[in-house]
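Structure file structure.tsv with TSV, C-alpha atoms and all ligand atoms:
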chain	number	residue	atom	x	y	z
A	1	MET	CA	19.11	96.07	-21.02
A	2	LEU	CA	18.67	99.75	-21.89
A	3	GLU	CA	20.69	102.35	-19.97
A	4	ILE	CA	19.51	105.97	-20.05
A	5	ARG	CA	21.26	109.04	-18.61
A	6	PHE	CA	19.49	112.37	-18.03
A	7	HIS	CA	21.37	115.69	-17.82
A	8	GLY	CA	19.44	118.59	-16.31
A	9	ARG	CA	19.78	121.42	-13.86
A	10	GLY	CA	18.54	121.46	-10.28
A	11	GLY	CA	14.82	122.25	-10.39
A	12	GLN	CA	14.21	120.98	-13.94
A	13	GLY	CA	13.04	117.50	-12.94
A	14	ALA	CA	15.83	115.22	-14.22
A	15	VAL	CA	15.39	113.00	-11.17
A	16	THR	CA	11.62	112.88	-11.62
A	17	SER	CA	12.13	111.90	-15.28
A	18	ALA	CA	14.10	108.81	-14.30
A	19	GLU	CA	11.50	107.90	-11.67
A	20	LEU	CA	8.57	108.35	-14.07
A	21	LEU	CA	10.33	106.19	-16.64
A	22	ALA	CA	10.99	103.51	-14.01
A	23	ASN	CA	7.33	103.60	-12.99
A	24	ALA	CA	6.27	103.19	-16.60
A	25	ALA	CA	8.64	100.20	-16.90
A	26	LEU	CA	6.96	98.71	-13.82
A	27	ILE	CA	3.55	99.15	-15.47
A	28	ASP	CA	4.97	97.42	-18.58
A	29	GLY	CA	6.09	94.48	-16.42
A	30	LYS	CA	9.82	95.17	-16.85
A	31	TYR	CA	12.72	95.32	-14.41
A	32	PHE	CA	14.17	98.76	-13.69
A	33	GLN	CA	16.46	100.98	-11.61
A	34	ALA	CA	16.30	104.78	-11.20
A	35	PHE	CA	18.80	106.87	-9.25
A	36	PRO	CA	20.28	110.40	-9.24
A	37	SER	CA	23.77	111.88	-8.88
A	38	PHE	CA	24.02	115.42	-7.52
A	39	GLY	CA	26.83	117.95	-7.70
A	40	PRO	CA	26.19	121.06	-5.60
A	41	GLU	CA	22.59	120.72	-4.38
A	42	ARG	CA	21.23	124.06	-5.48
A	43	ARG	CA	18.78	125.29	-8.08
A	44	GLY	CA	20.45	125.57	-11.48
A	45	ALA	CA	23.42	123.31	-10.78
A	46	PRO	CA	24.01	120.41	-13.20
A	47	VAL	CA	22.25	117.23	-12.09
A	48	THR	CA	22.50	113.74	-13.57
A	49	SER	CA	19.99	110.94	-13.16
A	50	PHE	CA	19.94	107.41	-14.50
A	51	CYS	CA	17.45	104.72	-15.46
A	52	ARG	CA	17.99	101.07	-16.40
A	53	ILE	CA	15.20	99.05	-18.01
A	54	SER	CA	15.40	95.35	-18.75
A	55	ASP	CA	13.28	92.27	-19.50
A	56	PHE	CA	15.44	90.39	-16.97
A	57	PRO	CA	16.51	91.04	-13.36
A	58	ILE	CA	19.22	93.74	-13.09
A	59	HIS	CA	22.17	92.88	-10.88
A	60	LEU	CA	24.37	95.90	-11.67
A	61	ARG	CA	24.77	98.37	-8.81
A	62	THR	CA	26.98	100.93	-10.53
A	63	SER	CA	26.47	104.31	-12.12
A	64	ILE	CA	25.85	104.29	-15.89
A	65	TYR	CA	29.11	104.88	-17.76
A	66	SER	CA	28.17	103.79	-21.32
A	67	PRO	CA	24.55	104.81	-21.82
A	68	ASP	CA	22.46	103.75	-24.80
A	69	ILE	CA	20.53	107.02	-24.62
A	70	VAL	CA	21.45	110.46	-23.29
A	71	ILE	CA	18.74	113.07	-22.69
A	72	VAL	CA	19.71	116.74	-22.25
A	73	LEU	CA	16.98	118.76	-20.56
A	74	ASP	CA	18.72	122.12	-20.91
A	75	PRO	CA	20.66	123.23	-24.01
A	76	SER	CA	23.01	125.40	-21.93
A	77	LEU	CA	24.47	122.16	-20.53
A	78	LEU	CA	26.03	121.39	-23.92
A	79	ASN	CA	28.74	123.94	-23.13
A	80	ALA	CA	29.05	123.03	-19.46
A	81	VAL	CA	29.02	119.23	-19.28
A	82	ASN	CA	30.45	116.50	-21.52
A	83	VAL	CA	26.98	115.07	-22.21
A	84	THR	CA	28.15	112.54	-24.81
A	85	ASP	CA	30.73	111.00	-22.46
A	86	GLY	CA	30.57	107.22	-22.89
A	87	LEU	CA	27.50	107.31	-25.17
A	88	LYS	CA	27.56	104.13	-27.28
A	89	GLU	CA	28.27	104.37	-31.02
A	90	ASP	CA	24.77	103.05	-31.76
A	91	GLY	CA	23.42	105.39	-29.10
A	92	ILE	CA	20.78	108.11	-29.19
A	93	LEU	CA	21.30	111.73	-28.13
A	94	ILE	CA	18.08	113.64	-27.31
A	95	ILE	CA	18.43	117.40	-26.83
A	96	ASN	CA	15.97	120.06	-25.73
A	97	SER	CA	16.71	122.52	-28.53
A	98	GLN	CA	14.99	124.83	-31.01
A	99	LYS	CA	17.50	123.61	-33.60
A	100	TRP	CA	17.33	120.74	-36.07
A	101	PRO	CA	19.34	117.60	-35.18
A	102	GLU	CA	21.71	118.34	-38.09
A	103	HIS	CA	23.04	121.27	-36.11
A	104	PHE	CA	24.57	118.85	-33.62
A	105	ALA	CA	25.64	116.17	-36.11
A	106	HIS	CA	29.05	117.47	-37.12
A	107	ASN	CA	31.78	114.96	-36.19
A	108	GLN	CA	29.38	112.81	-34.17
A	109	LYS	CA	30.02	109.07	-34.10
A	110	ILE	CA	26.67	108.14	-32.58
A	111	ASP	CA	23.69	106.69	-34.44
A	112	THR	CA	20.78	109.03	-33.82
A	113	ILE	CA	20.33	112.68	-32.84
A	114	VAL	CA	16.93	113.93	-31.72
A	115	THR	CA	15.78	117.47	-30.95
A	116	VAL	CA	12.56	118.95	-29.63
A	117	ASP	CA	11.87	122.50	-28.45
A	118	ALA	CA	10.79	121.32	-25.01
A	119	THR	CA	11.17	124.73	-23.37
A	120	ALA	CA	8.70	126.30	-25.82
A	121	ILE	CA	6.22	123.45	-25.28
A	122	ALA	CA	6.66	123.72	-21.50
A	123	LEU	CA	6.00	127.47	-21.50
A	124	GLN	CA	3.02	127.05	-23.83
A	125	VAL	CA	1.32	124.10	-22.09
A	126	LEU	CA	2.59	124.13	-18.49
A	127	GLY	CA	3.29	127.86	-18.12
A	128	GLN	CA	6.74	127.19	-16.66
A	129	PRO	CA	10.06	125.99	-18.15
A	130	ILE	CA	10.04	122.47	-16.65
A	131	THR	CA	10.92	120.16	-19.50
A	132	ASN	CA	11.30	116.72	-17.95
A	133	THR	CA	8.02	115.06	-18.94
A	134	ILE	CA	8.22	116.70	-22.36
A	135	LEU	CA	11.57	115.06	-23.09
A	136	LEU	CA	9.95	111.72	-22.23
A	137	GLY	CA	7.65	112.26	-25.23
A	138	ALA	CA	10.75	112.65	-27.42
A	139	LEU	CA	12.26	109.53	-25.85
A	140	ILE	CA	9.18	107.43	-26.65
A	141	ARG	CA	9.22	108.74	-30.22
A	142	ALA	CA	12.93	107.93	-30.69
A	143	ALA	CA	13.28	104.62	-28.86
A	144	ALA	CA	10.00	103.53	-27.22
A	145	PRO	CA	11.62	101.91	-24.15
A	146	VAL	CA	8.15	101.85	-22.56
A	147	LYS	CA	4.62	102.43	-23.88
A	148	LEU	CA	3.31	106.00	-24.17
A	149	SER	CA	0.21	104.86	-22.27
A	150	SER	CA	2.41	103.59	-19.44
A	151	ILE	CA	4.11	106.99	-19.05
A	152	THR	CA	0.64	108.57	-18.99
A	153	ALA	CA	-0.38	106.15	-16.24
A	154	ALA	CA	2.83	106.95	-14.32
A	155	LEU	CA	2.03	110.66	-14.59
A	156	LYS	CA	-1.41	110.02	-13.10
A	157	LYS	CA	0.17	108.20	-10.16
A	158	ARG	CA	2.68	111.00	-9.57
A	159	PHE	CA	0.65	114.20	-10.05
A	160	ASP	CA	-2.82	115.50	-9.24
A	161	GLN	CA	-5.40	115.26	-12.03
A	162	ARG	CA	-4.79	118.76	-13.44
A	163	ASN	CA	-0.99	118.47	-13.56
A	164	ALA	CA	-1.16	114.91	-14.90
A	165	ASP	CA	-3.42	116.12	-17.73
A	166	LEU	CA	-1.19	119.11	-18.54
A	167	ASN	CA	1.98	117.00	-18.53
A	168	THR	CA	0.33	114.34	-20.69
A	169	GLN	CA	-0.73	117.03	-23.15
A	170	ALA	CA	2.80	118.48	-23.23
A	171	MET	CA	4.38	115.04	-23.63
A	172	GLN	CA	2.08	114.13	-26.52
A	173	LYS	CA	2.81	117.44	-28.23
A	174	ALA	CA	6.54	116.70	-27.92
A	175	TYR	CA	6.00	113.21	-29.32
A	176	HIS	CA	4.56	114.74	-32.51
A	177	GLU	CA	7.02	117.64	-32.81
A	178	THR	CA	10.21	115.66	-32.19
A	179	LYS	CA	12.77	115.73	-35.03
A	180	VAL	CA	14.88	112.59	-35.53
A	181	LEU	CA	18.10	112.26	-37.57
A	182	HIS	CA	19.51	108.75	-38.16
A	183	LEU	CA	23.15	109.28	-39.03
A	184	HIS	CA	23.46	105.74	-40.46
A	185	ASP	CA	21.04	106.84	-43.22
A	186	CYS	CA	23.32	109.74	-44.24
A	187	THR	CA	26.05	109.60	-46.86
A	188	THR	CA	29.54	110.89	-46.08
A	189	GLU	CA	28.83	113.90	-48.31
A	190	GLU	CA	25.69	114.68	-46.34
A	191	LYS	CA	27.55	114.34	-43.05
A	192	ASN	CA	30.24	116.73	-44.30
A	193	LEU	CA	27.53	119.20	-45.26
A	194	PHE	CA	26.23	119.31	-41.71
A	195	GLY	CA	29.36	121.10	-40.63
A	196	GLU	CA	29.12	123.62	-43.47
A	197	ALA	CA	25.39	124.25	-43.55
A	198	PHE	CA	24.94	124.65	-39.81
A	199	ALA	CA	27.00	126.53	-37.29
A	200	ALA	CA	27.56	123.26	-35.50
A	201	VAL	CA	28.84	123.20	-31.95
A	202	GLU	CA	31.31	120.50	-31.06
A	203	LEU	CA	29.65	118.54	-28.31
A	204	GLY	CA	31.73	117.15	-25.51
A	205	LYS	CA	34.13	120.07	-25.43
A	206	PRO	CA	32.93	122.45	-22.72
A	207	SER	CA	33.85	126.06	-23.42
A	208	GLN	CA	34.34	128.69	-20.74
A	209	PRO	CA	35.90	132.11	-20.48
A	210	GLU	CA	39.60	132.16	-19.66
A	211	LEU	CA	40.62	132.65	-16.04
A	212	GLN	CA	37.22	131.50	-14.78
A	213	SER	CA	36.46	128.17	-13.23
A	214	GLN	CA	33.37	126.01	-12.97
A	215	TRP	CA	31.95	124.05	-10.06
A	216	THR	CA	33.70	120.94	-11.41
A	217	ASP	CA	37.02	122.65	-10.63
A	218	LEU	CA	36.30	122.76	-6.88
A	219	GLU	CA	38.72	120.87	-4.68
A	220	PRO	CA	37.50	117.63	-3.03
A	221	GLY	CA	35.78	118.49	0.25
A	222	LEU	CA	34.92	121.97	-1.13
A	223	VAL	CA	37.92	123.49	0.65
A	224	ILE	CA	37.88	127.31	0.61
A	225	ASN	CA	41.58	128.07	0.20
A	226	SER	CA	41.41	131.85	-0.18
A	227	PRO	CA	38.90	134.52	0.87
A	228	GLY	CA	36.46	135.82	-1.74
A	229	ASN	CA	37.43	133.18	-4.28
A	230	SER	CA	33.81	132.67	-5.42
A	231	LYS	CA	34.52	135.48	-7.90
A	232	THR	CA	36.65	133.02	-9.88
A	233	TYR	CA	33.72	130.64	-10.43
A	234	PHE	CA	31.59	131.16	-13.50
A	235	THR	CA	28.16	130.43	-11.99
A	236	GLY	CA	26.56	132.18	-14.98
A	237	SER	CA	27.05	128.99	-17.00
A	238	TRP	CA	24.09	127.53	-15.07
A	239	ARG	CA	21.59	129.95	-16.51
A	240	SER	CA	18.54	129.35	-18.76
A	241	PHE	CA	16.86	132.71	-17.99
A	242	TYR	CA	18.47	136.11	-17.31
A	243	PRO	CA	17.18	139.26	-15.60
A	244	LEU	CA	16.55	142.44	-17.60
A	245	LEU	CA	16.23	145.76	-15.73
A	246	THR	CA	13.77	148.46	-16.80
A	247	LYS	CA	15.52	151.49	-15.31
A	248	GLU	CA	12.42	153.70	-15.49
A	249	ARG	CA	10.73	151.47	-12.93
A	250	CYS	CA	13.69	151.13	-10.57
A	251	ILE	CA	13.43	153.06	-7.28
A	252	LYS	CA	17.02	152.12	-6.26
A	253	CYS	CA	15.87	150.26	-3.15
A	254	GLY	CA	18.68	147.67	-3.43
A	255	ILE	CA	16.49	144.66	-2.66
A	256	CYS	CA	17.81	142.81	-5.73
A	257	TRP	CA	21.38	143.48	-4.53
A	258	ILE	CA	20.59	142.23	-1.00
A	259	LEU	CA	18.71	139.09	-2.03
A	260	CYS	CA	20.71	137.81	-5.01
A	261	PRO	CA	22.27	134.56	-3.71
A	262	ASP	CA	25.22	134.90	-6.11
A	263	ALA	CA	26.09	138.55	-5.40
A	264	ALA	CA	25.61	139.28	-9.09
A	265	TYR	CA	24.44	142.85	-8.46
A	266	THR	CA	26.67	145.86	-7.70
A	267	GLN	CA	25.70	149.52	-7.32
A	268	ASP	CA	26.79	151.99	-10.00
A	269	GLN	CA	27.55	155.69	-9.56
A	270	GLU	CA	23.97	156.69	-10.38
A	271	GLY	CA	22.64	154.38	-7.65
A	272	PHE	CA	21.23	151.75	-10.01
A	273	TYR	CA	22.04	148.05	-9.61
A	274	PRO	CA	23.43	146.53	-12.83
A	275	VAL	CA	23.80	142.75	-12.94
A	276	ASP	CA	27.02	140.91	-13.84
A	277	LEU	CA	25.73	137.97	-15.92
A	278	ASN	CA	28.97	136.05	-15.34
A	279	TYR	CA	27.60	135.26	-11.87
A	280	CYS	CA	23.82	135.24	-12.41
A	281	LYS	CA	22.47	131.69	-12.41
A	282	GLY	CA	18.98	132.76	-13.45
A	283	CYS	CA	17.11	131.77	-10.28
A	284	GLY	CA	14.66	134.67	-10.71
A	285	ILE	CA	14.66	135.70	-7.03
A	286	CYS	CA	15.48	139.32	-7.91
A	287	ALA	CA	12.55	139.54	-10.36
A	288	GLN	CA	10.24	137.88	-7.84
A	289	GLU	CA	11.20	140.26	-5.02
A	290	CYS	CA	11.63	143.58	-6.86
A	291	PRO	CA	8.79	145.73	-5.40
A	292	THR	CA	8.19	147.69	-8.60
A	293	GLY	CA	8.42	144.90	-11.20
A	294	ALA	CA	11.51	146.53	-12.70
A	295	ILE	CA	13.16	143.16	-13.43
A	296	THR	CA	11.91	140.76	-16.09
A	297	MET	CA	13.31	137.26	-16.60
A	298	LEU	CA	13.97	136.48	-20.28
A	299	GLN	CA	14.92	133.18	-21.85
A	300	GLU	CA	18.51	132.87	-23.05
A	301	LYS	CA	18.92	132.44	-26.79
A	302	GLU	CA	20.60	129.11	-27.53
A	303	GLU	CA	23.40	130.78	-29.50
A	304	GLU	CA	24.41	132.65	-26.36
A	305	VAL	CA	24.66	129.68	-24.00
B	1	LIG	S1	14.77	145.58	-6.41
B	1	LIG	FE1	13.88	146.50	-8.26
B	1	LIG	S2	13.47	148.63	-7.67
B	1	LIG	FE2	14.85	147.79	-6.13
B	1	LIG	S3	16.92	148.38	-6.87
B	1	LIG	FE3	16.49	146.32	-7.65
B	1	LIG	S4	15.62	146.70	-9.70
B	1	LIG	FE4	15.51	148.62	-8.59
B	2	LIG	S1	18.30	135.79	-11.33
B	2	LIG	FE1	18.64	137.58	-10.06
B	2	LIG	S2	18.78	136.81	-7.96
B	2	LIG	FE2	19.07	135.05	-9.31
B	2	LIG	S3	21.30	134.92	-9.60
B	2	LIG	FE3	20.52	136.17	-11.28
B	2	LIG	S4	20.72	138.26	-10.57
B	2	LIG	FE4	20.89	136.95	-8.75
Hey, can you dump this file as structure tokens for me?
Amino acid sequence: MLEIRFHGRGGQGAVTSAELLANAALIDGKYFQAFPSFGPERRGAPVTSFCRISDFPIHLRTSIYSPDIVIVLDPSLLNAVNVTDGLKEDGILIINSQKWPEHFAHNQKIDTIVTVDATAIALQVLGQPITNTILLGALIRAAAPVKLSSITAALKKRFDQRNADLNTQAMQKAYHETKVLHLHDCTTEEKNLFGEAFAAVELGKPSQPELQSQWTDLEPGLVINSPGNSKTYFTGSWRSFYPLLTKERCIKCGICWILCPDAAYTQDQEGFYPVDLNYCKGCGICAQECPTGAITMLQEKEEEV
């Protein structure tokens, strides 16, 4: 049995990924399960989904605690969630990243690290940063749990013709552009070099500014124990895109300030509305609603997330 865990953010399609994979397993004549686990149900919040695939009936009814494969749909999650938690030593870690797998290899005890720049492919082929089907291309390349043709058939069942074609095109592009590093093929000297040659991040150790909390620090039952305490939560760690203001176009109407769901805007002494990126989760509502087009959403650089 193969157990796969997806890490994404609300709106990125982690749940759909697991369902598409399960559908492909069905087409291949295998047994399967697919199910999600939500934290706060809002766009941008970390979401986990799971898929089991087996040649035999599956009797387990638990979450997946020791996955064979972990797929990370958003590189900003590497600093927010312990994505390698429980990943088996012969496991595969697949990351949506512009970087080579070696960048993530320092101190890793897993077998295979895979990267693909899924966001770039998504923007190029789909016109929006939804990376779920693209990561499935990388999964097929790294582990082939189902046939590529079966995923294509599952896409046709799920989407209309145009979107099925676009997603198939994006998935096939990812299949060819995926970079795979097998750590068991590397010597100790080579493994040591990874840490020196690349500014490697240590996976599994979330970093966050001091004195700020994350949604995982909320009390059970989401008890609000003091007024205005949302200021202590670092919702900016959820962000893949950030807003950039072009002051020359701003007419100081305050619509961005009114509509931002995270109160990330304040008014300065000149009457402009600067954004505090500690609280911006990158939903893009301000850019969508600004009447003069003064706000542009830009993709975060990986080094900054
Ligand atoms: S909505 Fe646009 S024009 Fe209005 S204050 Fe915000 S940035 Fe300026
Ligand atoms: S993208 Fe704009 S509306 Fe959304 S959280 Fe950030 S500042 Fe607020």
Open item on the list: Give me, as number ranges by chain, all polymer residues having an atom no more than 12 Å from Asn167 in chain A, counting all atoms listed in the file and skipping those fewer than 3 positions away in the same chain.
Closed with: A: 17, 20, 118, 121-128, 130-137, 151-156, 158-164, 170-174
Open item on the list: Please find the residues contacting ligand LIG 1 (chain B) at a distance of at most 10 Å between atoms, with only C-alpha atoms and all ligand atoms counted, and report them as a ChimeraX atom specification.
Closed with: /A:243-260,265,267,271-275,285-296
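Closest to Gly10 in chain A among A:Leu181, A:Ile64, A:Leu77, A:Ile53 is A:Leu77, based on all atoms listed in the file.
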Open item on the list: Calculated over only C-alpha atoms and all ligand atoms, which of the candidates A:Ile94, A:Ala105, A:Ile58, A:Ala45 has the smallest distance to ligand LIG 2 (chain B)?
Closed with: A:Ala45
- [ ] Select, from A:Gly11, A:Pro46, A:Gly221, A:Gly284, the residue with the minimum atom-to-atom distance to ligand LIG 2 (chain B), counting only C-alpha atoms and all ligand atoms.
- [x]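 Nearest candidate to ligand LIG 2 (chain B) out of A:Gly11, A:Pro46, A:Gly221, A:Gly284: A:Gly284.
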- [ ] Find the residues around range 35-37 of chain A up to 9 Å (only C-alpha atoms counted), leave out those fewer than 6 positions away in its own chain, and share them as an NGL selection string.
- [x] :A and (14-15 or 18-19 or 47-51 or 63)
Those same residues, written as a short mmCIF file (atom, residue, chain, number, x, y, z; two decimals), in the frame of the given file with C-alpha atoms?
data_model
loop_
_atom_site.label_atom_id
_atom_site.label_comp_id
_atom_site.auth_asym_id
_atom_site.auth_seq_id
_atom_site.Cartn_x
_atom_site.Cartn_y
_atom_site.Cartn_z
CA ALA A 14 15.83 115.22 -14.22
CA VAL A 15 15.39 113.00 -11.17
CA ALA A 18 14.10 108.81 -14.30
CA GLU A 19 11.50 107.90 -11.67
CA VAL A 47 22.25 117.23 -12.09
CA THR A 48 22.50 113.74 -13.57
CA SER A 49 19.99 110.94 -13.16
CA PHE A 50 19.94 107.41 -14.50
CA CYS A 51 17.45 104.72 -15.46
CA SER A 63 26.47 104.31 -12.12
#
- [ ] Would you work out the distance separating atom S2 of ligand LIG 2 (chain B) from CA of Asp268 in chain A, expressed in Å to one decimal?
- [x]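 Here the two named atoms are 17.3 Å from each other.
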TODO: Tell me, in Å to one decimal, how far CA of Ala138 in chain A is from CA of Ala34 in chain A.
DONE: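 That distance, rounded to one decimal, is 18.9 Å.
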Output range 248-269 of chain A with N, CA, C and O atoms present, as a compact mmCIF listing (two decimals), keeping the file's coordinate frame.
# COMPACT_ATOMS: atom_id res chain seq x y z
N GLU A 248 13.48 152.74 -15.80
CA GLU A 248 12.42 153.70 -15.49
C GLU A 248 11.58 153.27 -14.30
O GLU A 248 10.97 154.09 -13.63
N ARG A 249 11.54 151.95 -14.05
CA ARG A 249 10.73 151.47 -12.93
C ARG A 249 11.52 151.31 -11.64
O ARG A 249 10.97 151.03 -10.59
N CYS A 250 12.83 151.42 -11.74
CA CYS A 250 13.69 151.13 -10.57
C CYS A 250 13.68 152.29 -9.58
O CYS A 250 13.89 153.45 -9.96
N ILE A 251 13.43 152.01 -8.31
CA ILE A 251 13.43 153.06 -7.28
C ILE A 251 14.71 152.99 -6.43
O ILE A 251 14.80 153.59 -5.37
N LYS A 252 15.69 152.21 -6.90
CA LYS A 252 17.02 152.12 -6.26
C LYS A 252 16.95 151.66 -4.81
O LYS A 252 17.68 152.14 -3.96
N CYS A 253 16.03 150.73 -4.53
CA CYS A 253 15.87 150.26 -3.15
C CYS A 253 16.97 149.26 -2.75
O CYS A 253 17.23 149.05 -1.57
N GLY A 254 17.59 148.60 -3.72
CA GLY A 254 18.68 147.67 -3.43
C GLY A 254 18.25 146.27 -3.01
O GLY A 254 19.08 145.46 -2.61
N ILE A 255 16.96 145.99 -3.09
CA ILE A 255 16.49 144.66 -2.66
C ILE A 255 17.10 143.55 -3.53
O ILE A 255 17.49 142.50 -3.04
N CYS A 256 17.21 143.82 -4.83
CA CYS A 256 17.81 142.81 -5.73
C CYS A 256 19.26 142.53 -5.30
O CYS A 256 19.71 141.39 -5.28
N TRP A 257 19.97 143.59 -4.94
CA TRP A 257 21.38 143.48 -4.53
C TRP A 257 21.49 142.69 -3.22
O TRP A 257 22.38 141.85 -3.06
N ILE A 258 20.54 142.93 -2.31
CA ILE A 258 20.59 142.23 -1.00
C ILE A 258 20.24 140.75 -1.16
O ILE A 258 20.88 139.89 -0.57
N LEU A 259 19.25 140.45 -2.00
CA LEU A 259 18.71 139.09 -2.03
C LEU A 259 19.36 138.16 -3.06
O LEU A 259 19.17 136.94 -2.99
N CYS A 260 20.11 138.70 -4.01
CA CYS A 260 20.71 137.81 -5.01
C CYS A 260 21.67 136.83 -4.33
O CYS A 260 22.64 137.25 -3.69
N PRO A 261 21.42 135.53 -4.42
CA PRO A 261 22.27 134.56 -3.71
C PRO A 261 23.68 134.45 -4.30
O PRO A 261 24.57 133.88 -3.66
N ASP A 262 23.90 135.00 -5.49
CA ASP A 262 25.22 134.90 -6.11
C ASP A 262 25.95 136.23 -6.18
O ASP A 262 26.94 136.34 -6.90
N ALA A 263 25.45 137.22 -5.44
CA ALA A 263 26.09 138.55 -5.40
C ALA A 263 26.37 139.06 -6.81
O ALA A 263 27.45 139.60 -7.09
N ALA A 264 25.40 138.88 -7.70
CA ALA A 264 25.61 139.28 -9.09
C ALA A 264 25.36 140.78 -9.30
O ALA A 264 25.71 141.32 -10.34
N TYR A 265 24.73 141.42 -8.32
CA TYR A 265 24.44 142.85 -8.46
C TYR A 265 25.51 143.68 -7.76
O TYR A 265 26.02 143.31 -6.71
N THR A 266 25.84 144.85 -8.37
CA THR A 266 26.67 145.86 -7.70
C THR A 266 25.94 147.20 -7.90
O THR A 266 25.04 147.29 -8.73
N GLN A 267 26.35 148.21 -7.16
CA GLN A 267 25.70 149.52 -7.32
C GLN A 267 26.59 150.40 -8.20
O GLN A 267 27.81 150.45 -7.99
N ASP A 268 25.98 151.09 -9.17
CA ASP A 268 26.79 151.99 -10.00
C ASP A 268 26.74 153.41 -9.43
O ASP A 268 26.08 153.68 -8.42
N GLN A 269 27.43 154.33 -10.10
CA GLN A 269 27.55 155.69 -9.56
C GLN A 269 26.23 156.44 -9.51
O GLN A 269 26.04 157.35 -8.72
